[in-house]
>>> print(open('entry-v9.cif').read())   # mmCIF, C-alpha atoms and all ligand atoms
data_input
loop_
_atom_site.label_atom_id
_atom_site.label_comp_id
_atom_site.auth_asym_id
_atom_site.auth_seq_id
_atom_site.Cartn_x
_atom_site.Cartn_y
_atom_site.Cartn_z
CA MET A 234 -23.29 -16.26 7.18
CA PRO A 235 -22.38 -13.38 4.84
CA ARG A 236 -18.82 -13.41 3.53
CA GLN A 237 -17.40 -10.12 4.71
CA LEU A 238 -13.90 -8.66 4.42
CA LEU A 239 -12.87 -5.41 6.08
CA LEU A 240 -10.10 -3.45 4.34
CA ALA A 241 -8.29 -2.04 7.38
CA THR A 242 -7.19 1.23 5.80
CA ARG A 243 -8.24 4.88 5.65
CA ASN A 244 -6.31 5.46 2.42
CA ASP A 245 -8.82 5.76 -0.48
CA GLY A 246 -6.14 4.97 -3.06
CA LYS A 247 -5.39 1.64 -1.38
CA VAL A 248 -9.10 0.82 -1.03
CA ARG A 249 -9.69 1.48 -4.75
CA GLU A 250 -6.76 -0.69 -5.84
CA ILE A 251 -7.44 -3.56 -3.44
CA ARG A 252 -11.13 -3.62 -4.43
CA GLU A 253 -10.13 -3.96 -8.09
CA LEU A 254 -7.46 -6.57 -7.37
CA ILE A 255 -9.80 -8.63 -5.24
CA GLY A 256 -12.55 -8.70 -7.88
CA VAL A 257 -12.20 -12.49 -8.03
CA ALA A 258 -13.68 -12.79 -4.53
CA LYS A 259 -17.17 -12.52 -5.98
CA GLY A 260 -19.96 -12.87 -3.51
CA ALA A 261 -17.93 -11.33 -0.68
CA GLU A 262 -19.03 -8.02 0.81
CA ILE A 263 -15.98 -5.73 0.96
CA LEU A 264 -16.06 -3.03 3.62
CA SER A 265 -13.43 -0.45 4.55
CA ALA A 266 -12.40 1.57 7.59
CA ALA A 267 -14.72 4.33 6.34
CA ASP A 268 -17.64 2.03 7.26
CA PHE A 269 -16.35 1.92 10.87
CA PRO A 270 -15.71 5.57 11.83
CA GLU A 271 -15.92 4.62 15.51
CA ILE A 272 -12.72 2.53 15.29
CA PRO A 273 -9.80 4.81 16.25
CA GLU A 274 -6.88 5.02 13.81
CA PRO A 275 -4.22 2.57 15.05
CA PHE A 276 -0.89 4.10 16.07
CA GLU A 277 1.83 2.95 13.67
CA ASP A 278 5.08 2.64 15.59
CA GLY A 279 6.41 -0.66 14.20
CA ALA A 280 10.02 -0.97 13.04
CA THR A 281 8.96 -2.68 9.79
CA PHE A 282 6.11 -2.52 7.27
CA MET A 283 5.06 -6.02 8.36
CA ASP A 284 4.95 -5.08 12.07
CA ASN A 285 2.58 -2.22 11.19
CA ALA A 286 0.44 -4.35 8.83
CA ARG A 287 0.01 -7.02 11.51
CA SER A 288 -0.98 -4.55 14.22
CA LYS A 289 -3.44 -2.69 11.93
CA ALA A 290 -5.09 -5.98 10.85
CA LEU A 291 -5.40 -7.24 14.45
CA CYS A 292 -6.72 -3.90 15.69
CA TYR A 293 -9.52 -3.73 13.07
CA ALA A 294 -10.35 -7.46 13.39
CA GLU A 295 -10.60 -7.16 17.17
CA GLN A 296 -12.86 -4.11 17.06
CA SER A 297 -15.09 -5.12 14.15
CA GLY A 298 -15.19 -8.88 14.70
CA LEU A 299 -14.59 -9.27 10.93
CA LEU A 300 -11.86 -10.81 8.80
CA SER A 301 -9.59 -7.79 8.24
CA LEU A 302 -6.93 -7.11 5.62
CA ALA A 303 -4.31 -4.43 6.34
CA ASP A 304 -1.73 -2.94 3.97
CA ASP A 305 1.33 -1.12 5.24
CA SER A 306 3.40 0.26 2.44
CA GLY A 307 5.88 2.95 1.50
CA LEU A 308 8.82 4.08 -0.51
CA ILE A 309 12.47 3.17 0.13
CA VAL A 310 14.98 5.52 -1.53
CA ASP A 311 18.56 4.24 -1.63
CA ALA A 312 20.21 7.68 -1.83
CA LEU A 313 18.36 8.63 1.39
CA GLY A 314 19.54 5.57 3.29
CA GLY A 315 16.10 3.94 2.92
CA ARG A 316 14.01 6.97 3.90
CA PRO A 317 11.10 7.75 3.95
CA GLY A 318 10.48 3.99 4.48
CA VAL A 319 8.01 3.20 7.28
CA MET A 320 7.62 6.97 7.75
CA SER A 321 6.35 7.45 4.15
CA ALA A 322 2.90 8.70 5.22
CA ARG A 323 4.45 11.21 7.66
CA TYR A 324 7.38 12.50 5.53
CA ALA A 325 5.47 15.81 4.95
CA PRO A 326 1.83 16.88 5.60
CA THR A 327 0.27 16.39 2.14
CA SER A 328 0.90 14.13 -0.81
CA ALA A 329 2.05 17.04 -3.01
CA GLU A 330 4.41 18.26 -0.27
CA ARG A 331 5.83 14.77 0.19
CA ASN A 332 6.57 14.50 -3.53
CA ASN A 333 8.15 17.99 -3.64
CA LYS A 334 10.27 17.29 -0.58
CA LEU A 335 11.56 14.11 -2.20
CA LEU A 336 12.46 15.91 -5.44
CA VAL A 337 14.30 18.62 -3.47
CA GLU A 338 16.19 16.08 -1.33
CA LEU A 339 17.34 14.32 -4.51
CA GLU A 340 18.41 17.44 -6.40
CA GLY A 341 21.97 16.90 -7.66
CA ILE A 342 21.73 13.11 -7.33
CA ARG A 343 22.77 11.39 -10.59
CA ASP A 344 20.37 9.21 -12.58
CA ASN A 345 22.07 5.93 -11.66
CA GLU A 346 21.87 6.77 -7.95
CA ARG A 347 18.12 7.51 -7.92
CA THR A 348 17.09 3.87 -7.34
CA ALA A 349 14.06 3.23 -5.10
CA ARG A 350 11.39 0.64 -4.40
CA PHE A 351 7.80 0.50 -3.24
CA VAL A 352 7.16 -2.14 -0.58
CA CYS A 353 3.76 -3.48 0.46
CA ALA A 354 3.26 -5.69 3.51
CA MET A 355 -0.19 -7.24 3.91
CA ALA A 356 -1.62 -8.99 6.93
CA LEU A 357 -4.96 -10.79 7.20
CA ALA A 358 -6.42 -11.23 10.68
CA ARG A 359 -9.34 -12.71 12.55
CA PRO A 360 -9.95 -11.38 16.07
CA GLY A 361 -6.88 -12.38 18.10
CA ARG A 362 -4.96 -14.18 15.33
CA ILE A 363 -3.04 -13.49 12.14
CA ALA A 364 -4.36 -15.73 9.35
CA ALA A 365 -1.85 -14.86 6.60
CA THR A 366 0.87 -12.39 5.60
CA ALA A 367 2.49 -11.49 2.27
CA GLU A 368 4.86 -8.91 0.78
CA GLY A 369 5.38 -7.36 -2.63
CA VAL A 370 8.06 -5.06 -4.06
CA LEU A 371 8.18 -2.82 -7.14
CA GLU A 372 11.60 -1.50 -8.23
CA GLY A 373 12.03 1.90 -9.87
CA THR A 374 13.86 5.23 -9.80
CA ILE A 375 12.88 8.71 -8.64
CA GLU A 376 11.86 11.12 -11.42
CA ARG A 377 13.22 14.71 -11.65
CA GLU A 378 9.67 16.15 -11.68
CA SER A 379 6.12 14.98 -10.92
CA ARG A 380 4.37 13.34 -13.88
CA GLY A 381 0.85 11.98 -14.47
CA SER A 382 -2.41 11.98 -12.54
CA HIS A 383 -3.35 8.32 -12.07
CA GLY A 384 -2.83 6.40 -8.84
CA PHE A 385 -2.03 8.18 -5.59
CA GLY A 386 0.76 9.13 -3.19
CA TYR A 387 4.28 8.90 -4.59
CA ASP A 388 3.16 7.54 -8.00
CA PRO A 389 3.96 10.81 -9.88
CA VAL A 390 7.64 10.73 -8.84
CA PHE A 391 8.21 6.97 -9.27
CA HIS A 392 9.63 5.94 -12.66
CA VAL A 393 9.13 2.33 -13.75
CA ALA A 394 11.64 1.19 -16.40
CA GLU A 395 9.42 -1.61 -17.75
CA LEU A 396 6.62 0.93 -18.41
CA GLY A 397 8.97 3.70 -19.62
CA CYS A 398 7.01 6.28 -17.60
CA ALA A 399 6.05 7.41 -14.09
CA LEU A 400 3.60 5.11 -12.29
CA ALA A 401 1.03 7.96 -12.23
CA GLU A 402 1.15 8.06 -16.06
CA ALA A 403 -0.07 4.45 -16.23
CA PRO A 404 -3.81 3.67 -15.99
CA ALA A 405 -4.99 1.76 -12.91
CA ALA A 406 -5.35 -1.48 -14.86
CA ILE A 407 -1.65 -1.36 -15.79
CA LYS A 408 -0.45 -0.41 -12.29
CA ASN A 409 -2.49 -3.32 -10.93
CA THR A 410 -0.57 -5.83 -13.07
CA ILE A 411 2.88 -4.89 -11.71
CA SER A 412 2.52 -3.08 -8.39
CA HIS A 413 3.92 -4.02 -4.98
CA ARG A 414 0.29 -4.21 -3.78
CA ALA A 415 -0.74 -6.53 -6.64
CA LYS A 416 2.19 -8.86 -5.89
CA ALA A 417 1.38 -9.00 -2.17
CA LEU A 418 -2.30 -9.64 -2.84
CA GLN A 419 -1.52 -12.28 -5.47
CA ALA A 420 0.53 -14.18 -2.88
CA MET A 421 -2.19 -13.73 -0.25
CA LEU A 422 -5.18 -14.61 -2.47
CA PRO A 423 -5.41 -18.42 -1.97
CA LEU A 424 -5.48 -18.03 1.84
CA LEU A 425 -7.79 -15.02 1.63
CA LEU A 426 -10.30 -16.96 -0.48
CA ARG A 427 -10.05 -19.92 1.88
CA GLU A 428 -10.75 -17.68 4.91
CA LEU A 429 -13.75 -16.26 3.05
CA GLY A 430 -14.96 -19.78 2.23
CA ILE A 431 -14.73 -19.12 -1.53
CA THR A 432 -13.42 -21.83 -3.87
CA PRO A 433 -11.29 -20.22 -6.60
P1 LIG B 501 -3.53 3.39 6.35
O1 LIG B 501 -2.45 3.26 7.39
O2 LIG B 501 -4.88 3.78 6.89
O3 LIG B 501 -3.61 2.16 5.47
P2 LIG B 501 -1.74 5.37 5.15
O4 LIG B 501 -1.85 6.22 3.92
O5 LIG B 501 -1.35 6.04 6.44
O6 LIG B 501 -3.15 4.59 5.33
P3 LIG B 501 0.69 3.80 5.28
O7 LIG B 501 0.92 4.10 6.71
O8 LIG B 501 0.90 2.39 4.78
O9 LIG B 501 -0.79 4.16 4.82
O10 LIG B 501 1.60 4.81 4.44
C1 LIG B 501 1.87 4.55 3.10
C2 LIG B 501 2.51 5.78 2.45
O11 LIG B 501 3.14 5.35 1.23
C3 LIG B 501 1.48 6.82 2.08
O12 LIG B 501 2.08 8.10 2.05
C4 LIG B 501 1.10 6.38 0.65
O13 LIG B 501 0.61 7.45 -0.11
C5 LIG B 501 2.42 5.84 0.13
N1 LIG B 501 2.13 4.73 -0.79
C6 LIG B 501 1.79 3.45 -0.46
N2 LIG B 501 1.50 2.75 -1.56
C7 LIG B 501 1.64 3.58 -2.60
C8 LIG B 501 1.43 3.44 -3.99
O14 LIG B 501 0.98 2.33 -4.53
N3 LIG B 501 1.69 4.50 -4.76
C9 LIG B 501 2.11 5.66 -4.23
N4 LIG B 501 2.30 5.89 -2.93
C10 LIG B 501 2.06 4.86 -2.10
#
>>> encode(input="entry-v9.cif", output="structure tokens")
Amino acid sequence: MPRQLLLATRNDGKVREIRELIGVAKGAEILSAADFPEIPEPFEDGATFMDNARSKALCYAEQSGLLSLADDSGLIVDALGGRPGVMSARYAPTSAERNNKLLVELEGIRDNERTARFVCAMALARPGRIAATAEGVLEGTIERESRGSHGFGYDPVFHVAELGCALAEAPAAIKNTISHRAKALQAMLPLLLRELGITP
């Protein structure tokens, strides 16, 4: 039986990063939601990132019959009481507008009050059951302007102290060593490989 994993996401940035991070799962065929256009986009109304990750993974597993890995993630900004949080994808219509809106909302906020974190919740499902879950967090602060062109989403406005630059100024290989997504996948990997029948 072929070893197949469906990445239960329509976000190309996530697909790219997860594909690179999962490179160790050699021999597995990695598909994404783009390969299943007939599966309707699941409605994300969970109260937490993990609620949403679990329901996305179950929805894709149920409808494809395949082992499915979902990622629900977003940005928590302390000065905004945790917003945009689980609403990160819907904070404004486009990525550029979301970043601009964030910079405007934080105008006048002092450097030491611009703390924020990226959170990634991952859930792995077979039809009808969750096989594993994991979470990862990356701490940072919100920049005063957009910087860099790597990555996706909020990366241009997210400053990482240990890199000394915005996340979008760091090449993919660097982001993938420290990101919230990398940490979640690292924690998930042993169970993921076991589900795929791959010995690490
Ligand atoms: P799927 O639900 O199909 O996976 P989505 O983009 O709607 O795709 P989410 O609901 O998880 O995904 O929303 C995540 C939001 O947070 C979205 O706006 C992303 O651009 C942003 N985001 C998540 N991870 C990020 C990262 O590593 N860097 C920058 N922005 C990120």
>>> closest_atom_pairs(input="entry-v9.cif", of="chain A", to="ligand LIG 501 (chain B)", cutoff="9 Å", atoms="only C-alpha atoms and all ligand atoms", output="JSON lines")
{"residue": "A:Leu240", "atom": "CA", "partner": "B:LIG501", "partner_atom": "O3", "distance": 8.7}
{"residue": "A:Ala241", "atom": "CA", "partner": "B:LIG501", "partner_atom": "O3", "distance": 6.6}
{"residue": "A:Thr242", "atom": "CA", "partner": "B:LIG501", "partner_atom": "O2", "distance": 3.6}
{"residue": "A:Arg243", "atom": "CA", "partner": "B:LIG501", "partner_atom": "O2", "distance": 3.7}
{"residue": "A:Asn244", "atom": "CA", "partner": "B:LIG501", "partner_atom": "O6", "distance": 4.4}
{"residue": "A:Asp245", "atom": "CA", "partner": "B:LIG501", "partner_atom": "O6", "distance": 8.2}
{"residue": "A:Gly246", "atom": "CA", "partner": "B:LIG501", "partner_atom": "O14", "distance": 7.7}
{"residue": "A:Lys247", "atom": "CA", "partner": "B:LIG501", "partner_atom": "N2", "distance": 7.0}
{"residue": "A:Val248", "atom": "CA", "partner": "B:LIG501", "partner_atom": "O3", "distance": 8.6}
{"residue": "A:Glu250", "atom": "CA", "partner": "B:LIG501", "partner_atom": "O14", "distance": 8.4}
{"residue": "A:Ala266", "atom": "CA", "partner": "B:LIG501", "partner_atom": "O2", "distance": 7.9}
{"residue": "A:Glu274", "atom": "CA", "partner": "B:LIG501", "partner_atom": "O2", "distance": 7.3}
{"residue": "A:Pro275", "atom": "CA", "partner": "B:LIG501", "partner_atom": "O1", "distance": 7.9}
{"residue": "A:Phe276", "atom": "CA", "partner": "B:LIG501", "partner_atom": "O1", "distance": 8.9}
{"residue": "A:Glu277", "atom": "CA", "partner": "B:LIG501", "partner_atom": "O7", "distance": 7.1}
{"residue": "A:Phe282", "atom": "CA", "partner": "B:LIG501", "partner_atom": "O8", "distance": 7.6}
{"residue": "A:Asn285", "atom": "CA", "partner": "B:LIG501", "partner_atom": "O7", "distance": 7.9}
{"residue": "A:Ala286", "atom": "CA", "partner": "B:LIG501", "partner_atom": "O8", "distance": 7.9}
{"residue": "A:Lys289", "atom": "CA", "partner": "B:LIG501", "partner_atom": "O1", "distance": 7.5}
{"residue": "A:Ala303", "atom": "CA", "partner": "B:LIG501", "partner_atom": "O3", "distance": 6.7}
{"residue": "A:Asp304", "atom": "CA", "partner": "B:LIG501", "partner_atom": "O3", "distance": 5.6}
{"residue": "A:Asp305", "atom": "CA", "partner": "B:LIG501", "partner_atom": "O8", "distance": 3.6}
{"residue": "A:Ser306", "atom": "CA", "partner": "B:LIG501", "partner_atom": "O8", "distance": 4.0}
{"residue": "A:Gly307", "atom": "CA", "partner": "B:LIG501", "partner_atom": "O11", "distance": 3.7}
{"residue": "A:Leu308", "atom": "CA", "partner": "B:LIG501", "partner_atom": "O11", "distance": 6.1}
{"residue": "A:Pro317", "atom": "CA", "partner": "B:LIG501", "partner_atom": "O11", "distance": 8.7}
{"residue": "A:Gly318", "atom": "CA", "partner": "B:LIG501", "partner_atom": "O11", "distance": 8.1}
{"residue": "A:Val319", "atom": "CA", "partner": "B:LIG501", "partner_atom": "O7", "distance": 7.2}
{"residue": "A:Met320", "atom": "CA", "partner": "B:LIG501", "partner_atom": "O10", "distance": 7.2}
{"residue": "A:Ser321", "atom": "CA", "partner": "B:LIG501", "partner_atom": "C2", "distance": 4.5}
{"residue": "A:Ala322", "atom": "CA", "partner": "B:LIG501", "partner_atom": "O12", "distance": 3.3}
{"residue": "A:Arg323", "atom": "CA", "partner": "B:LIG501", "partner_atom": "O12", "distance": 6.8}
{"residue": "A:Tyr324", "atom": "CA", "partner": "B:LIG501", "partner_atom": "O12", "distance": 7.7}
{"residue": "A:Ala325", "atom": "CA", "partner": "B:LIG501", "partner_atom": "O12", "distance": 8.9}
{"residue": "A:Thr327", "atom": "CA", "partner": "B:LIG501", "partner_atom": "O12", "distance": 8.5}
{"residue": "A:Ser328", "atom": "CA", "partner": "B:LIG501", "partner_atom": "O13", "distance": 6.7}
{"residue": "A:Arg331", "atom": "CA", "partner": "B:LIG501", "partner_atom": "O12", "distance": 7.9}
{"residue": "A:Phe351", "atom": "CA", "partner": "B:LIG501", "partner_atom": "N2", "distance": 6.9}
{"residue": "A:Val352", "atom": "CA", "partner": "B:LIG501", "partner_atom": "N2", "distance": 7.5}
{"residue": "A:Cys353", "atom": "CA", "partner": "B:LIG501", "partner_atom": "N2", "distance": 6.9}
{"residue": "A:Ala354", "atom": "CA", "partner": "B:LIG501", "partner_atom": "O8", "distance": 8.5}
{"residue": "A:Gly384", "atom": "CA", "partner": "B:LIG501", "partner_atom": "N3", "distance": 6.4}
{"residue": "A:Phe385", "atom": "CA", "partner": "B:LIG501", "partner_atom": "C9", "distance": 5.0}
{"residue": "A:Gly386", "atom": "CA", "partner": "B:LIG501", "partner_atom": "O13", "distance": 3.5}
{"residue": "A:Tyr387", "atom": "CA", "partner": "B:LIG501", "partner_atom": "C9", "distance": 3.9}
{"residue": "A:Asp388", "atom": "CA", "partner": "B:LIG501", "partner_atom": "C9", "distance": 4.3}
{"residue": "A:Pro389", "atom": "CA", "partner": "B:LIG501", "partner_atom": "C9", "distance": 7.9}
{"residue": "A:Val390", "atom": "CA", "partner": "B:LIG501", "partner_atom": "C9", "distance": 8.8}
{"residue": "A:Phe391", "atom": "CA", "partner": "B:LIG501", "partner_atom": "C9", "distance": 8.0}
{"residue": "A:Leu400", "atom": "CA", "partner": "B:LIG501", "partner_atom": "N3", "distance": 7.8}
{"residue": "A:Ala401", "atom": "CA", "partner": "B:LIG501", "partner_atom": "N3", "distance": 8.3}
{"residue": "A:Lys408", "atom": "CA", "partner": "B:LIG501", "partner_atom": "O14", "distance": 8.4}
{"residue": "A:Ser412", "atom": "CA", "partner": "B:LIG501", "partner_atom": "O14", "distance": 6.8}
{"residue": "A:His413", "atom": "CA", "partner": "B:LIG501", "partner_atom": "O14", "distance": 7.0}
{"residue": "A:Arg414", "atom": "CA", "partner": "B:LIG501", "partner_atom": "O14", "distance": 6.6}
>>> closest_residue(input="entry-v9.cif", among="A:Ile375, A:Tyr293, A:Phe269, A:Ala349", to="Gly314 (chain A)", atoms="all atoms listed in the file")
A:Ala349
>>> closest_residue(input="entry-v9.cif", among="A:Arg287, A:His383, A:His392, A:Arg359", to="Arg249 (chain A)", atoms="all atoms listed in the file")
A:His383
>>> closest_residue(input="entry-v9.cif", among="A:Leu302, A:Met283, A:Ile431, A:Ala420", to="Pro360 (chain A)", atoms="all atoms listed in the file")
A:Leu302
>>> atom_distance(input="entry-v9.cif", atom1="CA of Gly341 (chain A)", atom2="CA of Val310 (chain A)")
14.7 Å
>>> atom_distance(input="entry-v9.cif", atom1="CA of Glu428 (chain A)", atom2="CA of Gln237 (chain A)")
10.1 Å
>>> atom_distance(input="entry-v9.cif", atom1="CA of Gly397 (chain A)", atom2="CA of Pro326 (chain A)")
29.3 Å
